[in-house]
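Here's input_10.txt, which has compact mmCIF, C-alpha atoms and all ligand atoms:
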# COMPACT_ATOMS: atom_id res chain seq x y z
CA MET A 1 -26.00 -39.63 -27.65
CA PRO A 2 -29.45 -41.05 -26.87
CA SER A 3 -32.42 -38.87 -27.85
CA ASN A 4 -34.80 -37.39 -25.28
CA GLN A 5 -37.45 -39.83 -26.50
CA GLN A 6 -35.14 -42.85 -26.10
CA LEU A 7 -34.25 -41.76 -22.57
CA PHE A 8 -37.90 -41.14 -21.73
CA GLU A 9 -38.85 -44.64 -22.88
CA ARG A 10 -35.99 -46.17 -20.90
CA ALA A 11 -36.85 -44.07 -17.84
CA GLN A 12 -40.49 -45.17 -17.92
CA ARG A 13 -39.41 -48.80 -17.63
CA VAL A 14 -37.74 -48.24 -14.25
CA ILE A 15 -39.18 -45.00 -12.81
CA PRO A 16 -42.94 -44.35 -12.51
CA GLY A 17 -43.85 -41.99 -15.34
CA GLY A 18 -40.14 -41.73 -16.15
CA VAL A 19 -39.58 -38.91 -13.63
CA ASN A 20 -38.80 -38.39 -9.96
CA SER A 21 -41.18 -35.45 -9.53
CA PRO A 22 -44.43 -35.35 -11.52
CA VAL A 23 -44.31 -31.94 -13.23
CA ARG A 24 -41.08 -32.91 -15.03
CA ALA A 25 -43.07 -35.39 -17.13
CA PHE A 26 -44.62 -32.62 -19.30
CA ARG A 27 -48.09 -34.09 -18.66
CA ALA A 28 -49.68 -30.62 -18.51
CA VAL A 29 -48.21 -29.44 -21.83
CA GLY A 30 -47.74 -32.76 -23.64
CA GLY A 31 -44.64 -33.86 -25.54
CA THR A 32 -41.34 -35.41 -24.54
CA PRO A 33 -39.49 -34.19 -21.44
CA ARG A 34 -35.99 -32.94 -22.11
CA PHE A 35 -33.26 -34.93 -20.35
CA ILE A 36 -30.64 -32.48 -19.20
CA THR A 37 -26.96 -33.30 -19.43
CA ARG A 38 -25.28 -30.12 -18.18
CA ALA A 39 -25.86 -26.47 -17.36
CA GLN A 40 -23.86 -23.27 -17.25
CA GLY A 41 -24.94 -19.74 -16.35
CA ALA A 42 -28.44 -19.09 -17.74
CA TYR A 43 -28.46 -22.18 -19.98
CA PHE A 44 -28.84 -25.91 -19.92
CA TRP A 45 -28.39 -28.52 -22.63
CA ASP A 46 -30.42 -31.64 -23.32
CA SER A 47 -29.20 -35.06 -24.37
CA GLU A 48 -29.56 -34.08 -28.05
CA GLY A 49 -27.19 -31.15 -27.56
CA GLN A 50 -29.95 -28.51 -27.79
CA ARG A 51 -29.31 -25.44 -25.64
CA TYR A 52 -32.13 -23.73 -23.72
CA ILE A 53 -32.36 -20.44 -21.86
CA ASP A 54 -33.44 -21.79 -18.48
CA TYR A 55 -36.37 -20.02 -16.77
CA ILE A 56 -37.00 -22.67 -14.14
CA GLY A 57 -33.58 -22.62 -12.43
CA SER A 58 -34.28 -26.00 -10.77
CA TRP A 59 -37.67 -24.51 -9.76
CA GLY A 60 -36.10 -21.61 -7.94
CA PRO A 61 -32.77 -22.45 -6.28
CA MET A 62 -30.39 -21.36 -9.05
CA ILE A 63 -30.59 -17.62 -8.38
CA LEU A 64 -26.94 -17.14 -9.45
CA GLY A 65 -27.34 -19.26 -12.55
CA HIS A 66 -25.64 -22.62 -12.97
CA GLY A 67 -22.04 -23.33 -12.04
CA HIS A 68 -21.22 -20.02 -10.33
CA PRO A 69 -17.44 -20.26 -9.72
CA ALA A 70 -17.51 -19.28 -6.02
CA VAL A 71 -20.29 -21.75 -5.28
CA LEU A 72 -18.61 -24.51 -7.24
CA GLU A 73 -15.38 -23.99 -5.36
CA ALA A 74 -17.13 -24.01 -1.97
CA VAL A 75 -18.91 -27.26 -2.84
CA GLN A 76 -15.73 -28.93 -4.10
CA ARG A 77 -13.80 -27.95 -0.98
CA ALA A 78 -16.59 -29.15 1.32
CA ALA A 79 -16.92 -32.46 -0.56
CA ALA A 80 -13.20 -33.08 -0.20
CA ASP A 81 -13.56 -32.71 3.58
CA GLY A 82 -16.39 -35.23 3.84
CA PHE A 83 -19.95 -35.74 2.58
CA SER A 84 -21.80 -36.21 5.84
CA PHE A 85 -20.85 -36.64 9.48
CA GLY A 86 -24.07 -36.93 11.48
CA ALA A 87 -22.46 -34.61 14.01
CA PRO A 88 -22.63 -30.81 14.20
CA THR A 89 -20.43 -28.49 12.12
CA GLU A 90 -19.53 -24.80 12.28
CA ARG A 91 -20.98 -24.29 8.81
CA GLU A 92 -24.50 -25.06 10.10
CA ILE A 93 -24.10 -22.21 12.61
CA GLU A 94 -22.86 -19.89 9.86
CA LEU A 95 -25.82 -20.71 7.63
CA ALA A 96 -28.29 -20.25 10.50
CA GLU A 97 -26.65 -16.90 11.30
CA ALA A 98 -26.76 -15.85 7.64
CA ILE A 99 -30.49 -16.62 7.38
CA ILE A 100 -31.36 -14.92 10.69
CA ALA A 101 -29.35 -11.83 9.71
CA GLN A 102 -31.71 -11.19 6.78
CA VAL A 103 -35.06 -12.16 8.31
CA PRO A 104 -35.97 -10.15 11.44
CA SER A 105 -38.93 -12.42 12.35
CA VAL A 106 -36.60 -15.40 12.76
CA GLU A 107 -34.43 -15.80 15.88
CA GLN A 108 -33.59 -19.49 15.46
CA VAL A 109 -33.75 -21.96 12.58
CA ARG A 110 -33.64 -25.70 12.19
CA LEU A 111 -32.09 -27.01 8.96
CA VAL A 112 -33.70 -29.88 7.07
CA SER A 113 -33.33 -31.42 3.59
CA SER A 114 -36.47 -30.47 1.62
CA GLY A 115 -39.26 -27.91 1.55
CA THR A 116 -41.76 -30.68 2.21
CA GLU A 117 -39.96 -31.61 5.40
CA ALA A 118 -39.67 -27.98 6.50
CA ALA A 119 -43.38 -27.20 5.95
CA MET A 120 -44.49 -30.43 7.62
CA SER A 121 -42.25 -29.73 10.62
CA ALA A 122 -43.47 -26.12 10.86
CA ILE A 123 -47.04 -27.37 11.19
CA ARG A 124 -46.09 -29.87 13.88
CA LEU A 125 -44.29 -27.06 15.71
CA ALA A 126 -47.32 -24.75 15.41
CA ARG A 127 -49.60 -27.48 16.75
CA GLY A 128 -47.17 -28.35 19.54
CA ALA A 129 -46.63 -24.73 20.55
CA THR A 130 -50.34 -23.84 20.61
CA GLY A 131 -51.74 -27.17 21.74
CA ARG A 132 -54.37 -26.83 19.00
CA PRO A 133 -55.18 -29.18 16.12
CA LYS A 134 -56.53 -27.20 13.15
CA LEU A 135 -54.85 -25.35 10.33
CA ILE A 136 -55.96 -23.19 7.42
CA LYS A 137 -54.39 -23.44 4.00
CA PHE A 138 -55.37 -21.83 0.70
CA GLU A 139 -56.40 -23.50 -2.51
CA GLY A 140 -53.60 -23.32 -5.09
CA CYS A 141 -50.82 -22.98 -2.51
CA TYR A 142 -48.44 -25.94 -2.40
CA HIS A 143 -46.48 -26.67 0.74
CA GLY A 144 -44.93 -29.98 -0.23
CA HIS A 145 -46.48 -33.42 -0.11
CA ALA A 146 -47.09 -34.07 3.60
CA ASP A 147 -50.42 -35.86 4.11
CA ALA A 148 -52.23 -33.07 5.99
CA LEU A 149 -51.50 -30.63 3.17
CA LEU A 150 -52.71 -32.70 0.22
CA VAL A 151 -56.22 -31.42 0.49
CA LYS A 152 -58.74 -29.45 -1.54
CA ALA A 153 -61.74 -27.46 -0.38
CA GLY A 154 -64.85 -29.27 0.78
CA SER A 155 -68.32 -28.26 -0.35
CA GLY A 156 -68.61 -25.49 2.22
CA LEU A 157 -66.85 -23.93 5.16
CA ALA A 158 -68.59 -26.23 7.62
CA THR A 159 -67.03 -29.24 5.92
CA PHE A 160 -63.34 -30.00 6.00
CA GLY A 161 -61.23 -30.63 2.94
CA HIS A 162 -60.95 -33.77 0.83
CA PRO A 163 -57.62 -35.49 0.17
CA THR A 164 -56.19 -34.71 -3.28
CA SER A 165 -54.09 -37.87 -3.27
CA ALA A 166 -54.95 -41.51 -2.89
CA GLY A 167 -53.31 -42.92 0.21
CA VAL A 168 -54.36 -39.99 2.40
CA PRO A 169 -57.24 -41.11 4.66
CA PRO A 170 -59.94 -38.43 5.17
CA GLU A 171 -59.24 -38.52 8.94
CA VAL A 172 -55.73 -37.22 8.27
CA VAL A 173 -57.04 -34.02 6.65
CA GLN A 174 -59.96 -33.55 9.02
CA HIS A 175 -58.17 -30.70 10.77
CA THR A 176 -57.23 -28.88 7.54
CA VAL A 177 -59.53 -26.06 6.43
CA VAL A 178 -59.04 -24.97 2.81
CA LEU A 179 -60.01 -21.44 1.77
CA GLU A 180 -59.90 -19.42 -1.44
CA TYR A 181 -56.80 -17.21 -1.70
CA ASN A 182 -57.55 -13.50 -1.19
CA ASN A 183 -61.15 -14.21 -0.10
CA LEU A 184 -61.64 -12.01 2.97
CA ALA A 185 -65.23 -13.10 3.66
CA GLN A 186 -64.19 -16.77 3.80
CA LEU A 187 -61.26 -15.92 6.05
CA GLU A 188 -63.46 -14.03 8.52
CA ALA A 189 -66.01 -16.84 8.55
CA ALA A 190 -63.36 -19.52 9.06
CA PHE A 191 -61.88 -17.67 12.05
CA ALA A 192 -65.34 -17.08 13.50
CA GLU A 193 -66.03 -20.80 13.30
CA HIS A 194 -62.66 -22.40 14.09
CA GLY A 195 -60.60 -19.57 15.67
CA ARG A 196 -60.18 -21.17 19.09
CA GLU A 197 -58.97 -24.47 17.63
CA LEU A 198 -56.61 -23.01 15.03
CA ALA A 199 -52.93 -23.77 15.49
CA CYS A 200 -51.88 -21.90 12.37
CA VAL A 201 -52.60 -20.45 8.96
CA MET A 202 -50.08 -21.46 6.32
CA ILE A 203 -49.75 -19.32 3.22
CA GLU A 204 -47.49 -18.74 0.23
CA PRO A 205 -47.41 -14.92 0.55
CA ILE A 206 -46.72 -14.63 -3.16
CA ALA A 207 -48.02 -17.90 -4.53
CA GLY A 208 -45.71 -19.54 -7.06
CA ASN A 209 -47.66 -22.75 -7.36
CA MET A 210 -50.56 -21.08 -9.14
CA ASN A 211 -48.22 -19.26 -11.50
CA PHE A 212 -47.70 -15.91 -9.73
CA VAL A 213 -50.46 -14.54 -7.51
CA ARG A 214 -49.85 -12.02 -4.75
CA THR A 215 -51.74 -11.90 -1.50
CA ASP A 216 -53.61 -8.61 -1.52
CA VAL A 217 -52.14 -6.22 1.11
CA GLY A 218 -55.53 -5.68 2.80
CA PHE A 219 -56.03 -9.45 2.99
CA MET A 220 -52.58 -9.93 4.53
CA ARG A 221 -53.15 -7.17 7.07
CA ARG A 222 -56.44 -8.74 8.18
CA LEU A 223 -54.92 -12.23 8.22
CA ARG A 224 -52.24 -11.00 10.61
CA GLU A 225 -54.83 -9.30 12.84
CA LEU A 226 -57.05 -12.39 12.95
CA CYS A 227 -54.15 -14.72 13.78
CA THR A 228 -53.03 -12.44 16.62
CA ALA A 229 -56.54 -11.98 17.97
CA HIS A 230 -57.22 -15.73 18.02
CA GLY A 231 -53.78 -16.92 19.15
CA ALA A 232 -53.14 -18.77 15.87
CA LEU A 233 -49.65 -18.69 14.37
CA LEU A 234 -49.11 -17.19 10.92
CA VAL A 235 -46.81 -19.47 8.94
CA PHE A 236 -45.19 -18.02 5.83
CA ASP A 237 -44.13 -20.67 3.35
CA GLU A 238 -41.20 -18.88 1.75
CA VAL A 239 -39.69 -22.00 0.19
CA MET A 240 -40.07 -20.29 -3.18
CA THR A 241 -40.12 -16.58 -2.27
CA GLY A 242 -37.42 -16.63 0.43
CA PHE A 243 -34.19 -14.93 -0.76
CA ARG A 244 -35.82 -14.92 -4.22
CA VAL A 245 -38.29 -12.01 -4.34
CA ALA A 246 -36.06 -9.95 -2.01
CA LEU A 247 -33.21 -10.60 0.40
CA GLY A 248 -35.69 -10.54 3.30
CA GLY A 249 -38.21 -12.68 1.41
CA ALA A 250 -41.86 -11.86 0.75
CA GLN A 251 -42.27 -10.89 4.41
CA SER A 252 -40.01 -7.90 3.79
CA VAL A 253 -42.20 -6.93 0.81
CA TYR A 254 -45.33 -6.99 3.03
CA ALA A 255 -43.50 -5.24 5.88
CA ARG A 256 -42.95 -2.31 3.52
CA ALA A 257 -46.73 -1.99 3.05
CA ILE A 258 -47.82 -2.98 6.58
CA PRO A 259 -45.67 -1.33 9.30
CA GLY A 260 -44.35 -3.84 11.84
CA PHE A 261 -45.60 -6.83 9.86
CA LYS A 262 -44.06 -10.22 10.74
CA PRO A 263 -45.15 -13.84 10.36
CA ASP A 264 -44.71 -16.14 13.39
CA ILE A 265 -43.00 -19.05 11.63
CA SER A 266 -41.14 -18.98 8.30
CA VAL A 267 -40.31 -21.87 6.02
CA PHE A 268 -37.39 -21.69 3.57
CA GLY A 269 -35.89 -23.94 0.89
CA LYS A 270 -34.63 -23.65 -2.67
CA VAL A 271 -32.28 -20.57 -2.72
CA ILE A 272 -30.85 -21.23 0.77
CA GLY A 273 -29.46 -24.51 -0.57
CA GLY A 274 -28.25 -23.05 -3.87
CA GLY A 275 -29.34 -26.25 -5.67
CA MET A 276 -28.44 -28.76 -2.96
CA PRO A 277 -31.04 -30.55 -0.77
CA LEU A 278 -31.44 -28.03 2.03
CA ALA A 279 -34.40 -26.25 3.62
CA ALA A 280 -35.19 -24.67 6.99
CA PHE A 281 -37.91 -23.46 9.27
CA GLY A 282 -37.52 -20.75 11.86
CA SER A 283 -39.33 -18.61 14.38
CA THR A 284 -38.82 -16.80 17.66
CA ARG A 285 -36.57 -18.41 20.27
CA ASP A 286 -39.59 -19.19 22.48
CA ILE A 287 -41.40 -21.11 19.76
CA MET A 288 -38.29 -22.87 18.43
CA GLN A 289 -37.44 -24.08 21.93
CA GLN A 290 -40.50 -26.31 21.77
CA LEU A 291 -38.44 -28.55 19.46
CA ALA A 292 -36.50 -31.63 20.55
CA PRO A 293 -34.05 -31.89 22.25
CA LEU A 294 -35.27 -28.89 24.30
CA GLY A 295 -39.01 -29.31 24.01
CA PRO A 296 -41.72 -31.88 23.35
CA VAL A 297 -42.08 -31.44 19.53
CA TYR A 298 -40.05 -34.17 17.83
CA GLN A 299 -38.15 -33.48 14.62
CA ALA A 300 -34.88 -34.95 13.28
CA GLY A 301 -32.92 -35.86 10.12
CA THR A 302 -29.89 -38.00 9.19
CA LEU A 303 -28.73 -35.57 6.50
CA SER A 304 -30.04 -32.34 8.09
CA GLY A 305 -27.48 -29.54 7.86
CA ASN A 306 -25.40 -31.62 5.46
CA PRO A 307 -21.87 -30.16 5.14
CA VAL A 308 -21.82 -30.05 1.33
CA ALA A 309 -25.33 -28.57 1.14
CA THR A 310 -24.57 -25.92 3.76
CA ALA A 311 -21.39 -24.96 1.88
CA CYS A 312 -23.44 -24.52 -1.28
CA GLY A 313 -26.10 -22.49 0.52
CA LEU A 314 -23.61 -20.27 2.32
CA ALA A 315 -21.64 -19.51 -0.84
CA THR A 316 -24.92 -18.64 -2.58
CA LEU A 317 -26.05 -16.35 0.26
CA ARG A 318 -22.66 -14.64 0.22
CA GLU A 319 -23.16 -13.66 -3.43
CA ILE A 320 -26.77 -12.53 -3.14
CA THR A 321 -26.05 -10.25 -0.19
CA GLN A 322 -23.77 -8.11 -2.39
CA PRO A 323 -25.13 -4.54 -2.65
CA GLY A 324 -27.43 -4.01 -5.63
CA PHE A 325 -27.93 -7.71 -6.34
CA TYR A 326 -31.74 -7.66 -6.08
CA ASP A 327 -32.16 -4.33 -7.86
CA ALA A 328 -30.37 -5.74 -10.90
CA LEU A 329 -32.21 -9.06 -10.72
CA ALA A 330 -35.60 -7.37 -10.36
CA ALA A 331 -34.90 -5.01 -13.27
CA ARG A 332 -33.89 -7.91 -15.52
CA THR A 333 -36.98 -9.88 -14.53
CA ARG A 334 -39.27 -6.88 -15.12
CA SER A 335 -37.74 -6.36 -18.55
CA LEU A 336 -38.54 -9.98 -19.43
CA VAL A 337 -42.18 -9.70 -18.33
CA GLU A 338 -42.59 -6.35 -20.12
CA GLY A 339 -41.05 -7.87 -23.24
CA LEU A 340 -43.38 -10.88 -23.21
CA VAL A 341 -46.49 -8.77 -22.56
CA GLY A 342 -45.41 -6.30 -25.26
CA ALA A 343 -44.90 -9.10 -27.77
CA ALA A 344 -48.36 -10.45 -26.99
CA ARG A 345 -49.93 -6.99 -27.31
CA ASP A 346 -48.33 -6.54 -30.74
CA ALA A 347 -49.71 -9.94 -31.77
CA GLY A 348 -53.19 -8.99 -30.54
CA VAL A 349 -53.09 -11.69 -27.85
CA PRO A 350 -54.32 -10.88 -24.31
CA MET A 351 -51.53 -11.38 -21.78
CA VAL A 352 -50.78 -9.97 -18.33
CA GLY A 353 -47.71 -10.50 -16.18
CA ASP A 354 -46.19 -9.67 -12.82
CA SER A 355 -42.86 -10.13 -11.04
CA GLU A 356 -41.06 -9.48 -7.78
CA GLY A 357 -37.29 -9.81 -7.50
CA GLY A 358 -36.27 -12.81 -9.58
CA MET A 359 -39.67 -14.52 -9.72
CA PHE A 360 -42.30 -13.89 -12.41
CA GLY A 361 -45.52 -15.08 -13.94
CA PHE A 362 -47.65 -14.37 -16.99
CA PHE A 363 -51.18 -15.36 -17.98
CA PHE A 364 -53.13 -15.47 -21.21
CA ALA A 365 -55.88 -13.35 -19.71
CA ASP A 366 -57.04 -9.70 -19.51
CA ARG A 367 -56.29 -9.20 -15.84
CA LEU A 368 -54.14 -10.76 -13.15
CA PRO A 369 -55.93 -13.64 -11.39
CA GLN A 370 -56.45 -13.33 -7.64
CA HIS A 371 -57.01 -16.99 -6.78
CA TYR A 372 -56.63 -20.55 -8.05
CA GLY A 373 -59.98 -20.78 -9.84
CA ALA A 374 -59.16 -17.66 -11.85
CA VAL A 375 -55.69 -19.01 -12.73
CA MET A 376 -57.14 -22.26 -13.99
CA ALA A 377 -59.71 -20.33 -16.07
CA THR A 378 -56.95 -18.68 -18.14
CA ASP A 379 -56.25 -19.96 -21.66
CA LYS A 380 -54.51 -23.31 -21.16
CA GLU A 381 -54.43 -24.36 -24.82
CA ARG A 382 -52.76 -21.11 -25.76
CA PHE A 383 -50.25 -21.48 -22.90
CA ASN A 384 -49.36 -25.00 -24.05
CA ARG A 385 -48.85 -23.87 -27.68
CA PHE A 386 -46.75 -20.95 -26.46
CA PHE A 387 -44.68 -23.23 -24.21
CA HIS A 388 -43.85 -25.54 -27.13
CA GLY A 389 -43.27 -22.60 -29.47
CA LEU A 390 -40.62 -21.30 -27.09
CA LEU A 391 -39.16 -24.72 -26.35
CA GLU A 392 -38.58 -25.29 -30.09
CA ARG A 393 -36.79 -21.95 -30.16
CA GLY A 394 -34.46 -22.81 -27.26
CA VAL A 395 -36.37 -21.21 -24.36
CA TYR A 396 -37.40 -23.45 -21.46
CA LEU A 397 -40.37 -22.13 -19.46
CA ALA A 398 -42.03 -24.03 -16.63
CA PRO A 399 -44.02 -26.83 -18.30
CA ALA A 400 -47.44 -25.97 -16.79
CA LEU A 401 -49.50 -22.79 -16.70
CA TYR A 402 -49.79 -22.92 -12.92
CA GLU A 403 -46.04 -22.63 -12.27
CA ALA A 404 -43.97 -19.49 -11.68
CA GLY A 405 -40.82 -18.65 -13.63
CA PHE A 406 -37.38 -17.69 -12.37
CA VAL A 407 -34.67 -15.38 -13.67
CA SER A 408 -31.09 -15.64 -12.40
CA ALA A 409 -28.25 -13.16 -12.12
CA ALA A 410 -26.66 -14.97 -15.08
CA HIS A 411 -29.48 -13.98 -17.47
CA THR A 412 -28.24 -11.09 -19.61
CA ALA A 413 -30.11 -8.39 -21.53
CA ASP A 414 -29.26 -10.43 -24.66
CA ASP A 415 -30.90 -13.53 -23.17
CA VAL A 416 -34.05 -11.52 -22.46
CA ALA A 417 -34.00 -10.04 -25.98
CA ALA A 418 -33.60 -13.54 -27.48
CA THR A 419 -36.49 -14.78 -25.34
CA VAL A 420 -38.75 -11.93 -26.40
CA ALA A 421 -37.82 -12.52 -30.07
CA ALA A 422 -38.71 -16.20 -29.66
CA ALA A 423 -41.99 -15.18 -28.03
CA ARG A 424 -42.83 -12.88 -30.95
CA ALA A 425 -42.18 -15.68 -33.42
CA ALA A 426 -44.20 -18.17 -31.37
CA LEU A 427 -47.14 -15.77 -30.87
C1 LIG B 1 -43.97 -22.91 -1.66
C2 LIG B 1 -43.43 -24.30 -1.59
N1 LIG B 1 -43.44 -24.96 -0.43
C3 LIG B 1 -42.94 -26.20 -0.32
C4 LIG B 1 -42.42 -26.86 -1.41
C5 LIG B 1 -41.87 -28.24 -1.25
O1 LIG B 1 -40.49 -28.21 -1.37
P1 LIG B 1 -39.68 -29.53 -1.82
O2 LIG B 1 -40.03 -29.78 -3.25
O3 LIG B 1 -38.24 -29.15 -1.59
O4 LIG B 1 -40.11 -30.65 -0.93
C6 LIG B 1 -42.39 -26.22 -2.65
C7 LIG B 1 -41.85 -26.91 -3.83
O5 LIG B 1 -41.89 -26.44 -4.93
C8 LIG B 1 -42.92 -24.91 -2.74
O6 LIG B 1 -42.92 -24.24 -3.91

Spit out the file's structure as structure tokens when you get a sec.
Ligand SMILES: Cc1ncc(COP(=O)(O)O)c(C=O)c1O
Amino acid sequence: MPSNQQLFERAQRVIPGGVNSPVRAFRAVGGTPRFITRAQGAYFWDSEGQRYIDYIGSWGPMILGHGHPAVLEAVQRAAADGFSFGAPTEREIELAEAIIAQVPSVEQVRLVSSGTEAAMSAIRLARGATGRPKLIKFEGCYHGHADALLVKAGSGLATFGHPTSAGVPPEVVQHTVVLEYNNLAQLEAAFAEHGRELACVMIEPIAGNMNFVRTDVGFMRRLRELCTAHGALLVFDEVMTGFRVALGGAQSVYARAIPGFKPDISVFGKVIGGGMPLAAFGSTRDIMQQLAPLGPVYQAGTLSGNPVATACGLATLREITQPGFYDALAARTRSLVEGLVGAARDAGVPMVGDSEGGMFGFFFADRLPQHYGAVMATDKERFNRFFHGLLERGVYLAPALYEAGFVSAAHTADDVAATVAAARAAL
């Protein structure tokens, strides 16, 4: 079998950087990416036959672990009936019904093929429904790679953001205001200045693209009030948190703390496709009816609602709606974070961690960061050494300190114990 290094060299000849999504290239941590050949349950194997306990789960979708028998069977059956029709199917209705049943803020959904597409379409919908141009996003939140969202903060609130990617003209991000996560004063000031022109505020309610940072409850409460008062739509990007931190997503977590809390538009991906290319955005019937073919907001997709992907998503949702599923997943995830933090404490290394449902994060720091700047100020060199220390010992964490981790229902107490033992040795 070819080595990881041989495959990486070959890949770099024909694929830019050798990967089809940048973080897979291990640029943040250094070293050779592992080329995966197969996966089962909580594990995957690389081309050299090395087994890893998998804590990325395809960056979130694999909440049941790999190769769950019921999901596999559903996918095989669907594939035998046809890969794609470009005409409607009953399974799309079933998946829409299954999503709506768990998320009270959503009355209708549109299925798409990636989180990027869903977030981009949600913004177009918000702009179309309000007739307003501007949006607020938060530094450190990632909503996919649509042009208007590849933006970092300008020098002050009066200035708009700067593109973070070449190929995005400044004019394209001129309506995007970028604020610090959890910064109430900035939020108030931004609404005071732009409130009447704001179509929406898009937020990762529990941010998984700056490791794991929660929106403070007081901040979320005020954000909701400000959006309502100014007629701006609150868009929850639950691509990562949806059906992952709880069955009702992060919005159900905030609704427990803030009575009656609901976002206006929700964006889903990852878990709802169970590992297949599938995502969705949804809202109230009134707002969703702005979309083509009923309304003036155009949105479409050749593979949207793909029959194999919807079979995979539906079979996954069927498993995760079993009673007790999230309690067990959350307990397992908490035990992992407690184990890692305990191992660090015993080694005299500062570490803090947090989790919700099957999503977790940890930082080499004394206290949990509240925003992107604080995340990036944590000890990167130590994270990178720790990452490689665990990788050598058969544990695969996300290869960058600003990424969240994921536990699946297939991870056992023994897997967690083996991970913590590896962490002790590495620390
Ligand atoms: C919160 C969030 N939104 C959107 C996206 C984009 O999704 P995709 O990679 O499917 O385009 C991601 C991807 O990781 C994400 O984490």

Using all atoms listed in the file, pick whichever of A:Cys227, A:Ala87, A:Ala119, A:Ala309 has the shortest atom-to-atom distance to ligand LIG 1 (chain B).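 Checking each of A:Cys227, A:Ala87, A:Ala119, A:Ala309 against ligand LIG 1 (chain B), counting all atoms listed in the file, the winner is A:Ala119.
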
Hey, which residues come within 8 Å of ligand LIG 1 (chain B) if we count all atoms listed in the file? Could you give them as a ChimeraX atom specification? /A:59,113-119,141-145,204,207-209,237-241,267-270,277-279

Store the residues of this selection in a file with C-alpha atoms, as a PDB file, in the frame of the given file.
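Wrote again03.pdb, looks like this:
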ATOM      1  CA  TRP A  59     -37.670 -24.510  -9.760  1.00  0.00           C
ATOM      2  CA  SER A 113     -33.330 -31.420   3.590  1.00  0.00           C
ATOM      3  CA  SER A 114     -36.470 -30.470   1.620  1.00  0.00           C
ATOM      4  CA  GLY A 115     -39.260 -27.910   1.550  1.00  0.00           C
ATOM      5  CA  THR A 116     -41.760 -30.680   2.210  1.00  0.00           C
ATOM      6  CA  GLU A 117     -39.960 -31.610   5.400  1.00  0.00           C
ATOM      7  CA  ALA A 118     -39.670 -27.980   6.500  1.00  0.00           C
ATOM      8  CA  ALA A 119     -43.380 -27.200   5.950  1.00  0.00           C
ATOM      9  CA  CYS A 141     -50.820 -22.980  -2.510  1.00  0.00           C
ATOM     10  CA  TYR A 142     -48.440 -25.940  -2.400  1.00  0.00           C
ATOM     11  CA  HIS A 143     -46.480 -26.670   0.740  1.00  0.00           C
ATOM     12  CA  GLY A 144     -44.930 -29.980  -0.230  1.00  0.00           C
ATOM     13  CA  HIS A 145     -46.480 -33.420  -0.110  1.00  0.00           C
ATOM     14  CA  GLU A 204     -47.490 -18.740   0.230  1.00  0.00           C
ATOM     15  CA  ALA A 207     -48.020 -17.900  -4.530  1.00  0.00           C
ATOM     16  CA  GLY A 208     -45.710 -19.540  -7.060  1.00  0.00           C
ATOM     17  CA  ASN A 209     -47.660 -22.750  -7.360  1.00  0.00           C
ATOM     18  CA  ASP A 237     -44.130 -20.670   3.350  1.00  0.00           C
ATOM     19  CA  GLU A 238     -41.200 -18.880   1.750  1.00  0.00           C
ATOM     20  CA  VAL A 239     -39.690 -22.000   0.190  1.00  0.00           C
ATOM     21  CA  MET A 240     -40.070 -20.290  -3.180  1.00  0.00           C
ATOM     22  CA  THR A 241     -40.120 -16.580  -2.270  1.00  0.00           C
ATOM     23  CA  VAL A 267     -40.310 -21.870   6.020  1.00  0.00           C
ATOM     24  CA  PHE A 268     -37.390 -21.690   3.570  1.00  0.00           C
ATOM     25  CA  GLY A 269     -35.890 -23.940   0.890  1.00  0.00           C
ATOM     26  CA  LYS A 270     -34.630 -23.650  -2.670  1.00  0.00           C
ATOM     27  CA  PRO A 277     -31.040 -30.550  -0.770  1.00  0.00           C
ATOM     28  CA  LEU A 278     -31.440 -28.030   2.030  1.00  0.00           C
ATOM     29  CA  ALA A 279     -34.400 -26.250   3.620  1.00  0.00           C
TER      30      ALA A 279
END

Write out as number ranges by chain the residues lying within 12 Å of A:Ser355, counting only C-alpha atoms and excluding same-chain residues fewer than 5 positions away. A: 206-208, 211-214, 241, 244-246, 250, 329-338, 360-362, 368, 404-407

Would you output that residue set with C-alpha atoms, as a CSV table (one decimal), in the frame of the given file?
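Once written, result-v6.csv looks like this:
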chain,number,residue,atom,x,y,z
A,206,ILE,CA,-46.7,-14.6,-3.2
A,207,ALA,CA,-48.0,-17.9,-4.5
A,208,GLY,CA,-45.7,-19.5,-7.1
A,211,ASN,CA,-48.2,-19.3,-11.5
A,212,PHE,CA,-47.7,-15.9,-9.7
A,213,VAL,CA,-50.5,-14.5,-7.5
A,214,ARG,CA,-49.8,-12.0,-4.8
A,241,THR,CA,-40.1,-16.6,-2.3
A,244,ARG,CA,-35.8,-14.9,-4.2
A,245,VAL,CA,-38.3,-12.0,-4.3
A,246,ALA,CA,-36.1,-10.0,-2.0
A,250,ALA,CA,-41.9,-11.9,0.8
A,329,LEU,CA,-32.2,-9.1,-10.7
A,330,ALA,CA,-35.6,-7.4,-10.4
A,331,ALA,CA,-34.9,-5.0,-13.3
A,332,ARG,CA,-33.9,-7.9,-15.5
A,333,THR,CA,-37.0,-9.9,-14.5
A,334,ARG,CA,-39.3,-6.9,-15.1
A,335,SER,CA,-37.7,-6.4,-18.6
A,336,LEU,CA,-38.5,-10.0,-19.4
A,337,VAL,CA,-42.2,-9.7,-18.3
A,338,GLU,CA,-42.6,-6.4,-20.1
A,360,PHE,CA,-42.3,-13.9,-12.4
A,361,GLY,CA,-45.5,-15.1,-13.9
A,362,PHE,CA,-47.6,-14.4,-17.0
A,368,LEU,CA,-54.1,-10.8,-13.2
A,404,ALA,CA,-44.0,-19.5,-11.7
A,405,GLY,CA,-40.8,-18.6,-13.6
A,406,PHE,CA,-37.4,-17.7,-12.4
A,407,VAL,CA,-34.7,-15.4,-13.7
